[in-house]
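What follows is a single structure, written as structure tokens, with notes after it.
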Amino acid sequence: MYYSFRKGIIVNFDNVENQDRKKDLIIDAALKRFAHFGLSKTTMTEIANDLSLSKALLYYYFPDKISLYSAVLKNIIDTMDAEMRKDVSGATNSQEALTKCLDKRQEFITKYYNLLDFTKITGAELPGNLMCMFVKAKDSELMVLKTVLEIGISAGEFEVDNLDETAALLKDALSGIYFTVLKRHTKGFFPEKEQFDSILRRQKKLGEIFLKGLEVTTVSTIS
Amino acid sequence: MIDRKRDLIVESAIKRFSHFGIQKTTMNEIADDISVTQPSLYHYFPDKMSLVVAVVEKIMAQYFSELEGMLEKVSLLEDELLAILICRKKFIGRYFMLNLTESSPEAGSVENACYGVMEQARVKEAALVSALFSKAVERKEIAAIETHKMSKLYLDTITGLSVFELIPLKNKFSPGEKEFNSILEKQKALSAVFIAGLKAYDVHGNLL
């Protein structure tokens, strides 16, 4: 496994003109490492070696592992956000839009699950720049769910008194399912594919009921 | 047959645990509180973990008995689910110091030891909600849904809603009325939409 990382990714930095491009290359290489080994079992030395880059230069771009890791997360969140928006914008009703959104999210979470091992080394206190990424992920999800609701509104399915509150409730309800299922079934190591499938099925059902419920009721004010 | 002494130990342990938490309570203190000798205490509970399991069992039994009392007074699905939410809030508040998610060296083993009891409680609660859904189907309050699956989905959803309020408080001192109320408000809002959504299916379980 180790060898495959070293093959193929030989980058001549002299030919790369702007710094952003260099950063992108580092992020790409780091993403491969983190996605396989997670945060705790990846070292900056390995990432530098993958790129045939000196450690000094790597540290010039990213002063520590957490800042590189945050950049990788940002990259993934942006990609997911863009793809989700594209998928959702093609939907004609809220149920379809939500299904597309959940499918896309699932695809990313399954793909990058190993990357999310940060809690094991950082505990409850997340470093500031890492925390930002979670706020970013949350905001991105909220915005997409708002779009889902707006699709339903313009399709005449329902009216929503308070879009922000309703989207926030839907978001928490959907992500809560993750938490309860994983907490119950994960003993130590990785969750299995079946668990992710079961989460997705239940999220879809919950989303379906929620959107149907909006047709006859409205989310009351949450203080 | 009820063993008086065993019961006394469990009662005393509940008081200690719910005030000081599991980690900060010693077997000595529990024995002292009720003037039981240590050998006698260890005869009933060979280690702290077995006592913790007995305590959790007892609390769960209390929860269900109080809940059943509350459910007798209401008859609409919405009120019944509200009773569950209120009862949950009461118990989580009352026994928060016992919470199994605290990050202490003991947390993992406590969680493992209590897994069976907690799982039983979850199954029982799901069966209870499932029965409530079935009655609501009979009364035509909601559509003919798969009550068993729906009850689990409902319970997992409202449990999940509490997670986000409590995560930022991890490792902090116990949350207060404010957090618990905000959880309850969210759960109430979700329940209303959920019940409304359950009216939208036909007898074959397809969306109308």
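Here's how to read the names in the structure tokens: chain A, B, ... by the order shown, residue numbers from 1 in each chain, ligand numbers from 1 in the order shown.
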Task: 8 Å contacts from chain B to chain A using only C-alpha atoms, as a ChimeraX atom specification - done: /B:153,156-161,163-164,170-171,182,185-186,189-190,192-200
TODO: Name the residues in contact with stretch 119-128 of chain B at a cut-off of 12 Å, using only C-alpha atoms, excluding same-chain residues fewer than 6 positions from it; report them as a PyMOL selection string.
DONE: (chain A and resi 180+184-185) or (chain B and resi 56-65+67-68+71+80-81+84-85+87-88+111-113+134-135+147-156+159)
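Shortest atom-to-atom contact with A:Asp78 among A:Leu58, A:Ala29, A:Cys132, A:Ala137: A:Ala137, counting only C-alpha atoms.
Contact shell of B:Asp47 at 12 Å (only C-alpha atoms; same-chain neighbours under 5 positions omitted): Thr26, Met27, Asn28, Gln38, Pro39, Leu41, Tyr42, Val52, Val53, Ala54, Val110 and Ala113 of chain B.
Counting only C-alpha atoms and comparing A:Val148, A:Val88, A:Leu31, A:Val135, the residue that lies closest to A:Val72 is A:Leu31.
Distances from B:Lys89, B:His43, B:Lys140, B:Arg94 to B:Asn181 were compared using only C-alpha atoms, and the smallest one belongs to B:Lys89.
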